[in-house]
$ cat start15.pdb   # PDB, C-alpha atoms
ATOM      1  CA  MET A   1      59.989  37.355 163.467  1.00  0.00           C
ATOM      2  CA  PRO A   2      58.670  40.164 161.248  1.00  0.00           C
ATOM      3  CA  ILE A   3      60.201  40.553 157.791  1.00  0.00           C
ATOM      4  CA  SER A   4      61.016  44.047 156.657  1.00  0.00           C
ATOM      5  CA  LYS A   5      61.152  44.912 152.977  1.00  0.00           C
ATOM      6  CA  CYS A   6      63.289  47.653 151.439  1.00  0.00           C
ATOM      7  CA  TRP A   7      61.287  49.244 148.695  1.00  0.00           C
ATOM      8  CA  LYS A   8      63.216  50.147 145.575  1.00  0.00           C
ATOM      9  CA  LYS A   9      63.142  53.843 144.901  1.00  0.00           C
ATOM     10  CA  SER A  10      61.422  54.706 141.655  1.00  0.00           C
ATOM     11  CA  GLU A  11      63.360  56.723 139.074  1.00  0.00           C
ATOM     12  CA  PRO A  12      62.273  60.343 138.713  1.00  0.00           C
ATOM     13  CA  LEU A  13      60.196  60.919 135.607  1.00  0.00           C
ATOM     14  CA  TRP A  14      62.521  63.610 134.275  1.00  0.00           C
ATOM     15  CA  LYS A  15      65.362  61.087 133.974  1.00  0.00           C
ATOM     16  CA  GLY A  16      63.330  58.902 131.692  1.00  0.00           C
ATOM     17  CA  TRP A  17      62.271  61.857 129.595  1.00  0.00           C
ATOM     18  CA  ASP A  18      65.870  63.038 129.343  1.00  0.00           C
ATOM     19  CA  ARG A  19      67.050  59.600 128.286  1.00  0.00           C
ATOM     20  CA  LYS A  20      64.449  59.473 125.527  1.00  0.00           C
ATOM     21  CA  ALA A  21      65.417  62.954 124.386  1.00  0.00           C
ATOM     22  CA  GLN A  22      69.072  61.996 123.883  1.00  0.00           C
ATOM     23  CA  LYS A  23      69.758  61.603 120.188  1.00  0.00           C
ATOM     24  CA  ASN A  24      71.682  58.479 119.176  1.00  0.00           C
ATOM     25  CA  GLY A  25      71.759  56.649 115.854  1.00  0.00           C
ATOM     26  CA  LEU A  26      69.907  57.665 112.726  1.00  0.00           C
ATOM     27  CA  ARG A  27      67.296  60.398 113.044  1.00  0.00           C
ATOM     28  CA  HIS A  28      65.012  62.088 110.596  1.00  0.00           C
ATOM     29  CA  GLN A  29      64.744  65.856 110.359  1.00  0.00           C
ATOM     30  CA  VAL A  30      65.858  67.621 113.516  1.00  0.00           C
ATOM     31  CA  TYR A  31      65.355  71.407 113.579  1.00  0.00           C
ATOM     32  CA  SER A  32      67.337  73.894 115.645  1.00  0.00           C
ATOM     33  CA  VAL A  33      65.879  77.017 117.237  1.00  0.00           C
ATOM     34  CA  ASN A  34      67.389  79.189 114.464  1.00  0.00           C
ATOM     35  CA  GLY A  35      65.697  77.117 111.772  1.00  0.00           C
ATOM     36  CA  ASP A  36      68.679  74.983 110.713  1.00  0.00           C
ATOM     37  CA  CYS A  37      67.870  71.392 109.782  1.00  0.00           C
ATOM     38  CA  TYR A  38      69.904  68.201 110.146  1.00  0.00           C
ATOM     39  CA  VAL A  39      69.180  64.708 108.873  1.00  0.00           C
ATOM     40  CA  GLY A  40      71.568  61.909 109.737  1.00  0.00           C
ATOM     41  CA  GLU A  41      73.378  60.026 112.457  1.00  0.00           C
ATOM     42  CA  TRP A  42      73.915  61.098 116.069  1.00  0.00           C
ATOM     43  CA  LYS A  43      76.008  60.022 119.033  1.00  0.00           C
ATOM     44  CA  ASP A  44      75.588  61.339 122.582  1.00  0.00           C
ATOM     45  CA  ASN A  45      73.336  64.127 121.334  1.00  0.00           C
ATOM     46  CA  MET A  46      75.902  65.294 118.753  1.00  0.00           C
ATOM     47  CA  LYS A  47      76.078  64.926 114.972  1.00  0.00           C
ATOM     48  CA  HIS A  48      78.300  61.911 114.408  1.00  0.00           C
ATOM     49  CA  GLY A  49      78.566  59.759 111.288  1.00  0.00           C
ATOM     50  CA  LYS A  50      76.871  60.499 107.962  1.00  0.00           C
ATOM     51  CA  GLY A  51      74.535  63.445 107.750  1.00  0.00           C
ATOM     52  CA  THR A  52      73.208  66.490 105.904  1.00  0.00           C
ATOM     53  CA  HIS A  53      72.984  69.929 107.506  1.00  0.00           C
ATOM     54  CA  ILE A  54      71.063  72.837 105.971  1.00  0.00           C
ATOM     55  CA  TRP A  55      71.661  76.387 107.229  1.00  0.00           C
ATOM     56  CA  LYS A  56      68.423  78.378 106.962  1.00  0.00           C
ATOM     57  CA  LYS A  57      70.018  81.851 106.909  1.00  0.00           C
ATOM     58  CA  LYS A  58      72.465  81.274 104.021  1.00  0.00           C
ATOM     59  CA  GLY A  59      70.859  78.253 102.440  1.00  0.00           C
ATOM     60  CA  ALA A  60      74.186  76.398 102.587  1.00  0.00           C
ATOM     61  CA  ILE A  61      74.113  72.601 102.498  1.00  0.00           C
ATOM     62  CA  TYR A  62      76.762  70.227 103.835  1.00  0.00           C
ATOM     63  CA  GLU A  63      76.579  66.527 103.018  1.00  0.00           C
ATOM     64  CA  GLY A  64      79.168  64.189 104.457  1.00  0.00           C
ATOM     65  CA  ASP A  65      80.948  62.975 107.552  1.00  0.00           C
ATOM     66  CA  TRP A  66      80.579  64.355 111.083  1.00  0.00           C
ATOM     67  CA  LYS A  67      82.518  63.737 114.259  1.00  0.00           C
ATOM     68  CA  PHE A  68      81.206  64.849 117.647  1.00  0.00           C
ATOM     69  CA  GLY A  69      79.230  67.765 116.230  1.00  0.00           C
ATOM     70  CA  LYS A  70      81.812  68.986 113.703  1.00  0.00           C
ATOM     71  CA  ARG A  71      82.471  68.360 110.022  1.00  0.00           C
ATOM     72  CA  ASP A  72      85.214  65.766 109.970  1.00  0.00           C
ATOM     73  CA  GLY A  73      86.023  63.386 107.122  1.00  0.00           C
ATOM     74  CA  TYR A  74      84.851  63.689 103.523  1.00  0.00           C
ATOM     75  CA  GLY A  75      82.068  66.075 102.622  1.00  0.00           C
ATOM     76  CA  THR A  76      80.589  68.518 100.111  1.00  0.00           C
ATOM     77  CA  LEU A  77      79.529  72.112 100.751  1.00  0.00           C
ATOM     78  CA  SER A  78      77.015  73.783  98.427  1.00  0.00           C
ATOM     79  CA  PHE A  79      75.310  77.169  98.196  1.00  0.00           C
ATOM     80  CA  PRO A  80      72.059  78.114  96.467  1.00  0.00           C
ATOM     81  CA  ASP A  81      72.370  79.449  92.935  1.00  0.00           C
ATOM     82  CA  GLN A  82      69.423  81.477  91.686  1.00  0.00           C
ATOM     83  CA  GLU A  83      70.553  81.320  88.053  1.00  0.00           C
ATOM     84  CA  MET A  84      70.876  77.541  88.061  1.00  0.00           C
ATOM     85  CA  GLY A  85      67.846  77.065  90.260  1.00  0.00           C
ATOM     86  CA  LYS A  86      69.653  74.446  92.326  1.00  0.00           C
ATOM     87  CA  PRO A  87      72.535  74.236  94.827  1.00  0.00           C
ATOM     88  CA  ARG A  88      75.982  74.994  93.401  1.00  0.00           C
ATOM     89  CA  LYS A  89      78.883  72.930  94.673  1.00  0.00           C
ATOM     90  CA  VAL A  90      81.517  75.137  96.318  1.00  0.00           C
ATOM     91  CA  TYR A  91      83.851  72.659  98.019  1.00  0.00           C
ATOM     92  CA  SER A  92      84.286  68.922  97.818  1.00  0.00           C
ATOM     93  CA  GLY A  93      86.982  67.217  99.842  1.00  0.00           C
ATOM     94  CA  TRP A  94      88.290  66.459 103.294  1.00  0.00           C
ATOM     95  CA  TRP A  95      87.536  68.227 106.590  1.00  0.00           C
ATOM     96  CA  LYS A  96      88.994  68.177 110.073  1.00  0.00           C
ATOM     97  CA  ASP A  97      87.612  69.858 113.172  1.00  0.00           C
ATOM     98  CA  ASP A  98      85.004  71.748 111.087  1.00  0.00           C
ATOM     99  CA  LYS A  99      87.636  73.163 108.664  1.00  0.00           C
ATOM    100  CA  LYS A 100      88.903  72.220 105.204  1.00  0.00           C
ATOM    101  CA  SER A 101      91.960  70.039 105.746  1.00  0.00           C
ATOM    102  CA  GLY A 102      93.559  67.567 103.372  1.00  0.00           C
ATOM    103  CA  TYR A 103      92.852  67.229  99.654  1.00  0.00           C
ATOM    104  CA  GLY A 104      89.906  69.115  98.230  1.00  0.00           C
ATOM    105  CA  ILE A 105      88.496  71.087  95.297  1.00  0.00           C
ATOM    106  CA  GLN A 106      87.187  74.640  95.824  1.00  0.00           C
ATOM    107  CA  PHE A 107      85.103  76.426  93.190  1.00  0.00           C
ATOM    108  CA  PHE A 108      85.463  80.220  93.381  1.00  0.00           C
ATOM    109  CA  GLY A 109      83.513  80.896  90.189  1.00  0.00           C
ATOM    110  CA  PRO A 110      82.460  79.279  86.907  1.00  0.00           C
ATOM    111  CA  LYS A 111      86.080  79.166  85.673  1.00  0.00           C
ATOM    112  CA  ASP A 112      88.068  79.764  88.873  1.00  0.00           C
ATOM    113  CA  TYR A 113      88.807  76.674  90.928  1.00  0.00           C
ATOM    114  CA  TYR A 114      91.550  75.141  93.043  1.00  0.00           C
ATOM    115  CA  GLU A 115      92.473  71.512  93.505  1.00  0.00           C
ATOM    116  CA  GLY A 116      95.041  70.488  96.066  1.00  0.00           C
ATOM    117  CA  GLU A 117      95.890  70.480  99.740  1.00  0.00           C
ATOM    118  CA  TRP A 118      94.249  72.483 102.524  1.00  0.00           C
ATOM    119  CA  CYS A 119      95.018  73.223 106.150  1.00  0.00           C
ATOM    120  CA  GLY A 120      92.714  75.108 108.499  1.00  0.00           C
ATOM    121  CA  ASN A 121      90.453  76.435 105.705  1.00  0.00           C
ATOM    122  CA  GLN A 122      93.460  77.772 103.746  1.00  0.00           C
ATOM    123  CA  ARG A 123      95.297  76.509 100.674  1.00  0.00           C
ATOM    124  CA  SER A 124      98.521  75.043 102.051  1.00  0.00           C
ATOM    125  CA  GLY A 125     100.804  72.407 100.543  1.00  0.00           C
ATOM    126  CA  TRP A 126     100.720  71.384  96.880  1.00  0.00           C
ATOM    127  CA  GLY A 127      97.937  72.640  94.649  1.00  0.00           C
ATOM    128  CA  ARG A 128      96.839  73.794  91.215  1.00  0.00           C
ATOM    129  CA  MET A 129      94.795  76.968  90.680  1.00  0.00           C
ATOM    130  CA  TYR A 130      92.845  77.647  87.482  1.00  0.00           C
ATOM    131  CA  TYR A 131      92.071  81.334  86.917  1.00  0.00           C
ATOM    132  CA  SER A 132      89.229  82.775  84.845  1.00  0.00           C
ATOM    133  CA  ASN A 133      91.703  84.601  82.548  1.00  0.00           C
ATOM    134  CA  GLY A 134      93.192  81.270  81.455  1.00  0.00           C
ATOM    135  CA  ASP A 135      96.303  81.322  83.660  1.00  0.00           C
ATOM    136  CA  ILE A 136      97.233  78.225  85.689  1.00  0.00           C
ATOM    137  CA  TYR A 137      99.445  78.119  88.770  1.00  0.00           C
ATOM    138  CA  GLU A 138     100.837  74.803  89.940  1.00  0.00           C
ATOM    139  CA  GLY A 139     103.101  74.444  92.946  1.00  0.00           C
ATOM    140  CA  GLN A 140     103.379  75.059  96.657  1.00  0.00           C
ATOM    141  CA  TRP A 141     100.995  77.153  98.773  1.00  0.00           C
ATOM    142  CA  LEU A 142     101.078  78.643 102.271  1.00  0.00           C
ATOM    143  CA  ASN A 143      98.421  80.689 104.066  1.00  0.00           C
ATOM    144  CA  ASP A 144      96.187  80.714 100.980  1.00  0.00           C
ATOM    145  CA  LYS A 145      98.915  82.156  98.681  1.00  0.00           C
ATOM    146  CA  PRO A 146     101.580  80.728  96.326  1.00  0.00           C
ATOM    147  CA  HIS A 147     104.681  80.199  98.455  1.00  0.00           C
ATOM    148  CA  GLY A 148     107.698  78.047  97.628  1.00  0.00           C
ATOM    149  CA  GLU A 149     108.456  76.453  94.262  1.00  0.00           C
ATOM    150  CA  GLY A 150     105.839  76.862  91.586  1.00  0.00           C
ATOM    151  CA  MET A 151     105.059  77.409  87.917  1.00  0.00           C
ATOM    152  CA  LEU A 152     102.662  79.956  86.421  1.00  0.00           C
ATOM    153  CA  ARG A 153     101.482  79.223  82.893  1.00  0.00           C
ATOM    154  CA  GLN A 154      99.797  82.132  81.168  1.00  0.00           C
ATOM    155  CA  LYS A 155      97.072  81.880  78.568  1.00  0.00           C
ATOM    156  CA  ASN A 156      99.403  83.094  75.778  1.00  0.00           C
ATOM    157  CA  GLY A 157     101.877  80.274  76.500  1.00  0.00           C
ATOM    158  CA  ASN A 158     104.410  82.262  78.521  1.00  0.00           C
ATOM    159  CA  ARG A 159     105.398  80.750  81.829  1.00  0.00           C
ATOM    160  CA  TYR A 160     107.374  81.446  84.989  1.00  0.00           C
ATOM    161  CA  GLU A 161     109.253  78.717  86.834  1.00  0.00           C
ATOM    162  CA  GLY A 162     110.823  79.540  90.162  1.00  0.00           C
ATOM    163  CA  TYR A 163     110.230  80.635  93.714  1.00  0.00           C
ATOM    164  CA  TRP A 164     107.296  82.473  95.268  1.00  0.00           C
ATOM    165  CA  GLU A 165     106.681  84.238  98.536  1.00  0.00           C
ATOM    166  CA  ARG A 166     103.404  85.729  99.797  1.00  0.00           C
ATOM    167  CA  GLY A 167     101.805  85.238  96.390  1.00  0.00           C
ATOM    168  CA  MET A 168     104.561  87.058  94.461  1.00  0.00           C
ATOM    169  CA  LYS A 169     107.656  86.024  92.531  1.00  0.00           C
ATOM    170  CA  ASN A 170     110.544  86.143  94.991  1.00  0.00           C
ATOM    171  CA  GLY A 171     113.964  84.569  94.551  1.00  0.00           C
ATOM    172  CA  PRO A 172     115.594  82.808  91.585  1.00  0.00           C
ATOM    173  CA  GLY A 173     113.452  81.947  88.614  1.00  0.00           C
ATOM    174  CA  ARG A 174     113.075  81.738  84.844  1.00  0.00           C
ATOM    175  CA  PHE A 175     110.489  83.479  82.676  1.00  0.00           C
ATOM    176  CA  PHE A 176     109.863  82.005  79.243  1.00  0.00           C
ATOM    177  CA  HIS A 177     108.648  84.734  76.848  1.00  0.00           C
ATOM    178  CA  LEU A 178     107.559  82.178  74.266  1.00  0.00           C
ATOM    179  CA  ASP A 179     105.457  84.716  72.380  1.00  0.00           C
ATOM    180  CA  HIS A 180     108.643  86.711  71.607  1.00  0.00           C
ATOM    181  CA  GLY A 181     111.113  83.813  71.616  1.00  0.00           C
ATOM    182  CA  GLN A 182     113.167  84.877  74.641  1.00  0.00           C
ATOM    183  CA  LEU A 183     114.128  83.490  78.039  1.00  0.00           C
ATOM    184  CA  PHE A 184     114.943  85.576  81.099  1.00  0.00           C
ATOM    185  CA  GLU A 185     116.743  83.955  84.020  1.00  0.00           C
ATOM    186  CA  GLY A 186     117.379  85.959  87.140  1.00  0.00           C
ATOM    187  CA  PHE A 187     116.247  87.081  90.577  1.00  0.00           C
ATOM    188  CA  TRP A 188     112.855  88.549  91.566  1.00  0.00           C
ATOM    189  CA  VAL A 189     111.750  90.687  94.503  1.00  0.00           C
ATOM    190  CA  ASP A 190     108.014  91.147  95.045  1.00  0.00           C
ATOM    191  CA  ASP A 191     107.114  90.366  91.414  1.00  0.00           C
ATOM    192  CA  VAL A 192     109.858  92.652  90.013  1.00  0.00           C
ATOM    193  CA  ALA A 193     112.864  91.194  88.158  1.00  0.00           C
ATOM    194  CA  LYS A 194     115.917  92.832  89.733  1.00  0.00           C
ATOM    195  CA  CYS A 195     118.774  91.240  87.786  1.00  0.00           C
ATOM    196  CA  GLY A 196     119.407  88.450  85.303  1.00  0.00           C
ATOM    197  CA  THR A 197     120.228  87.491  81.734  1.00  0.00           C
ATOM    198  CA  MET A 198     118.086  87.442  78.609  1.00  0.00           C
ATOM    199  CA  ILE A 199     118.748  85.073  75.723  1.00  0.00           C
ATOM    200  CA  ASP A 200     116.916  84.017  72.571  1.00  0.00           C
ATOM    201  CA  PHE A 201     114.832  80.881  73.146  1.00  0.00           C
ATOM    202  CA  GLY A 202     112.542  79.308  70.545  1.00  0.00           C
ATOM    203  CA  ARG A 203     112.734  82.413  68.382  1.00  0.00           C
ATOM    204  CA  ASP A 204     111.934  80.527  65.159  1.00  0.00           C
ATOM    205  CA  GLU A 205     108.664  79.156  66.605  1.00  0.00           C
ATOM    206  CA  ALA A 206     107.575  82.382  68.349  1.00  0.00           C
ATOM    207  CA  PRO A 207     104.369  83.965  66.966  1.00  0.00           C
ATOM    208  CA  GLU A 208     105.673  87.508  67.552  1.00  0.00           C
ATOM    209  CA  PRO A 209     109.489  87.374  67.636  1.00  0.00           C
ATOM    210  CA  THR A 210     111.501  90.483  68.472  1.00  0.00           C
ATOM    211  CA  GLN A 211     112.739  92.530  65.512  1.00  0.00           C
ATOM    212  CA  PHE A 212     116.390  91.657  66.083  1.00  0.00           C
ATOM    213  CA  PRO A 213     117.969  88.647  67.783  1.00  0.00           C
ATOM    214  CA  ILE A 214     120.100  89.156  70.850  1.00  0.00           C
ATOM    215  CA  PRO A 215     123.742  89.284  69.685  1.00  0.00           C
ATOM    216  CA  LYS A 216     126.131  86.721  71.057  1.00  0.00           C
ATOM    217  CA  ILE A 217     129.040  88.094  73.055  1.00  0.00           C
ATOM    218  CA  LYS A 218     132.400  86.497  72.261  1.00  0.00           C
ATOM    219  CA  ILE A 219     135.936  87.139  73.525  1.00  0.00           C
ATOM    220  CA  LEU A 220     138.236  87.777  70.562  1.00  0.00           C
ATOM    221  CA  ASP A 221     141.362  86.614  72.395  1.00  0.00           C
ATOM    222  CA  PRO A 222     140.347  84.285  75.262  1.00  0.00           C
ATOM    223  CA  ASP A 223     143.926  83.036  75.755  1.00  0.00           C
ATOM    224  CA  GLY A 224     145.224  86.602  76.055  1.00  0.00           C
ATOM    225  CA  VAL A 225     142.528  87.531  78.577  1.00  0.00           C
ATOM    226  CA  LEU A 226     143.348  84.456  80.663  1.00  0.00           C
ATOM    227  CA  GLU A 227     147.076  85.176  80.533  1.00  0.00           C
ATOM    228  CA  GLU A 228     146.494  88.786  81.617  1.00  0.00           C
ATOM    229  CA  ALA A 229     144.305  87.676  84.512  1.00  0.00           C
ATOM    230  CA  MET A 230     146.919  85.141  85.692  1.00  0.00           C
ATOM    231  CA  ALA A 231     149.635  87.790  85.524  1.00  0.00           C
ATOM    232  CA  THR A 232     147.571  90.152  87.675  1.00  0.00           C
ATOM    233  CA  PHE A 233     146.937  87.355  90.164  1.00  0.00           C
ATOM    234  CA  ARG A 234     150.679  86.470  90.410  1.00  0.00           C
ATOM    235  CA  LYS A 235     151.585  90.139  90.896  1.00  0.00           C
ATOM    236  CA  THR A 236     149.088  90.435  93.750  1.00  0.00           C
ATOM    237  CA  GLU A 237     150.557  87.341  95.437  1.00  0.00           C
ATOM    238  CA  GLU A 238     154.117  88.705  95.159  1.00  0.00           C
ATOM    239  CA  GLU A 239     153.090  92.034  96.693  1.00  0.00           C
ATOM    240  CA  ASP A 240     151.448  90.229  99.632  1.00  0.00           C
TER     241      ASP A 240
END

$ encode --input "start15.pdb" --output "structure tokens"
Amino acid sequence: MPISKCWKKSEPLWKGWDRKAQKNGLRHQVYSVNGDCYVGEWKDNMKHGKGTHIWKKKGAIYEGDWKFGKRDGYGTLSFPDQEMGKPRKVYSGWWKDDKKSGYGIQFFGPKDYYEGEWCGNQRSGWGRMYYSNGDIYEGQWLNDKPHGEGMLRQKNGNRYEGYWERGMKNGPGRFFHLDHGQLFEGFWVDDVAKCGTMIDFGRDEAPEPTQFPIPKIKILDPDGVLEEAMATFRKTEEED
């Protein structure tokens, strides 16, 4: 009886080439069509794990964690600095889905930097901002602006403690004019104090105190005022 054999079909060559072209594990320099360069780990042809990406057009450098082709985890972003002659660190912290998310430090300039929480590339949550003029804001943020409870300390020692909205003083708060030895407590609307009370505070230690202290208001006859008020109240009840 004749024996028939079933020949195994050979795999097309292109499948083997494609399998070899798939990037997995650690790879050396891999260049994109636009000139960008990546050195690091891959998974299923995507950046995944530890790696460094250099953007040719801007010269930006990211070193850190990747997840399925996006910055995800802890990483540092730097930009070239011609004055320094080397990359200048711009952001160092946590990322999620290719955006700053979690705790991180952003450098806006030589003396301007923020340390705190991020969400979707914006300052959101708790954070502290150092400004180039010497002011420091510490408190809550939302949509990249101070929002919620926070304190602004000015270079001259004055400070504001209270509520913020859209980057401006809004709501109840206290402003310590320590340079003049006064304290204002009141209500703000869009950075403007609408109503409140001003009292002397630390006047003896103030470097530039006001010429005259704020006089104290006293009732000469508190018992008489109270008695008059009670009489008016009783009269109103009787009429009703």

$ closest_residue --input "start15.pdb" --among "A:Pro207, A:Gly49, A:Gly85, A:Pro222" --to "A:Gly157" --atoms "all atoms listed in the file"
A:Pro207

$ atom_distance --input "start15.pdb" --atom1 "atom CA of A:Gly73" --atom2 "atom CA of A:Lys50"
9.6 Å

$ residues_around --input "start15.pdb" --residues "A:Gly148" --least-positions-apart "4" --cutoff "6 Å" --atoms "all atoms listed in the file" --output "list in words"
Gln140, Tyr163 and Trp164 of chain A

$ closest_residue --input "start15.pdb" --among "A:Gly196, A:Gly186, A:Gly181, A:Pro87" --to "A:Ile214" --atoms "only C-alpha atoms"
A:Gly181

$ closest_residue --input "start15.pdb" --among "A:Arg203, A:Arg234, A:Lys169, A:Lys56" --to "A:Phe79" --atoms "all atoms listed in the file"
A:Lys56

$ residues_around --input "start15.pdb" --residues "A:Trp42" --least-positions-apart "4" --cutoff "9 Å" --atoms "all atoms listed in the file" --output "ChimeraX atom specification"
/A:23-27,46-51,66,68-69

$ atom_distance --input "start15.pdb" --atom1 "atom CA of A:Thr210" --atom2 "atom CA of A:His180"
5.7 Å

$ atom_distance --input "start15.pdb" --atom1 "atom CA of A:Leu142" --atom2 "atom CA of A:Tyr91"
18.7 Å

$ closest_residue --input "start15.pdb" --among "A:Gly104, A:Gly162, A:Gly167, A:Pro215" --to "A:Phe184" --atoms "all atoms listed in the file"
A:Gly162

$ residues_around --input "start15.pdb" --residues "A:Val90" --least-positions-apart "2" --cutoff "7 Å" --atoms "only C-alpha atoms" --output "PDB file with C-alpha atoms, keeping the file's coordinate frame"
ATOM      1  CA  LEU A  77      79.529  72.112 100.751  1.00  0.00           C
ATOM      2  CA  SER A  78      77.015  73.783  98.427  1.00  0.00           C
ATOM      3  CA  PHE A  79      75.310  77.169  98.196  1.00  0.00           C
ATOM      4  CA  ARG A  88      75.982  74.994  93.401  1.00  0.00           C
ATOM      5  CA  SER A  92      84.286  68.922  97.818  1.00  0.00           C
ATOM      6  CA  GLN A 106      87.187  74.640  95.824  1.00  0.00           C
ATOM      7  CA  PHE A 107      85.103  76.426  93.190  1.00  0.00           C
TER       8      PHE A 107
END

$ resolve_selection --input "start15.pdb" --expression "the PyMOL selection byres ((chain A and resi 121) around 9)" --output "PDB file with C-alpha atoms, in the frame of the given file"
ATOM      1  CA  TRP A  95      87.536  68.227 106.590  1.00  0.00           C
ATOM      2  CA  ASP A  98      85.004  71.748 111.087  1.00  0.00           C
ATOM      3  CA  LYS A  99      87.636  73.163 108.664  1.00  0.00           C
ATOM      4  CA  LYS A 100      88.903  72.220 105.204  1.00  0.00           C
ATOM      5  CA  SER A 101      91.960  70.039 105.746  1.00  0.00           C
ATOM      6  CA  TRP A 118      94.249  72.483 102.524  1.00  0.00           C
ATOM      7  CA  CYS A 119      95.018  73.223 106.150  1.00  0.00           C
ATOM      8  CA  GLY A 120      92.714  75.108 108.499  1.00  0.00           C
ATOM      9  CA  GLN A 122      93.460  77.772 103.746  1.00  0.00           C
ATOM     10  CA  ARG A 123      95.297  76.509 100.674  1.00  0.00           C
ATOM     11  CA  SER A 124      98.521  75.043 102.051  1.00  0.00           C
ATOM     12  CA  ASP A 144      96.187  80.714 100.980  1.00  0.00           C
TER      13      ASP A 144
END

$ closest_residue --input "start15.pdb" --among "A:Trp55, A:Tyr130, A:Trp141, A:Tyr114" --to "A:Arg166" --atoms "all atoms listed in the file"
A:Trp141

$ resolve_selection --input "start15.pdb" --expression "the PyMOL selection byres ((chain A and resi 39) around 8)" --output "ChimeraX atom specification"
/A:27-30,37-38,40-41,51-53

$ write_last_selection --input "start15.pdb" --atoms "C-alpha atoms" --output "tab-separated table (two decimals), in the frame of the given file"
chain	number	residue	atom	x	y	z
A	27	ARG	CA	67.30	60.40	113.04
A	28	HIS	CA	65.01	62.09	110.60
A	29	GLN	CA	64.74	65.86	110.36
A	30	VAL	CA	65.86	67.62	113.52
A	37	CYS	CA	67.87	71.39	109.78
A	38	TYR	CA	69.90	68.20	110.15
A	40	GLY	CA	71.57	61.91	109.74
A	41	GLU	CA	73.38	60.03	112.46
A	51	GLY	CA	74.54	63.44	107.75
A	52	THR	CA	73.21	66.49	105.90
A	53	HIS	CA	72.98	69.93	107.51

$ closest_residue --input "start15.pdb" --among "A:Val192, A:Leu178, A:Met230, A:Ile54" --to "A:Asn34" --atoms "all atoms listed in the file"
A:Ile54
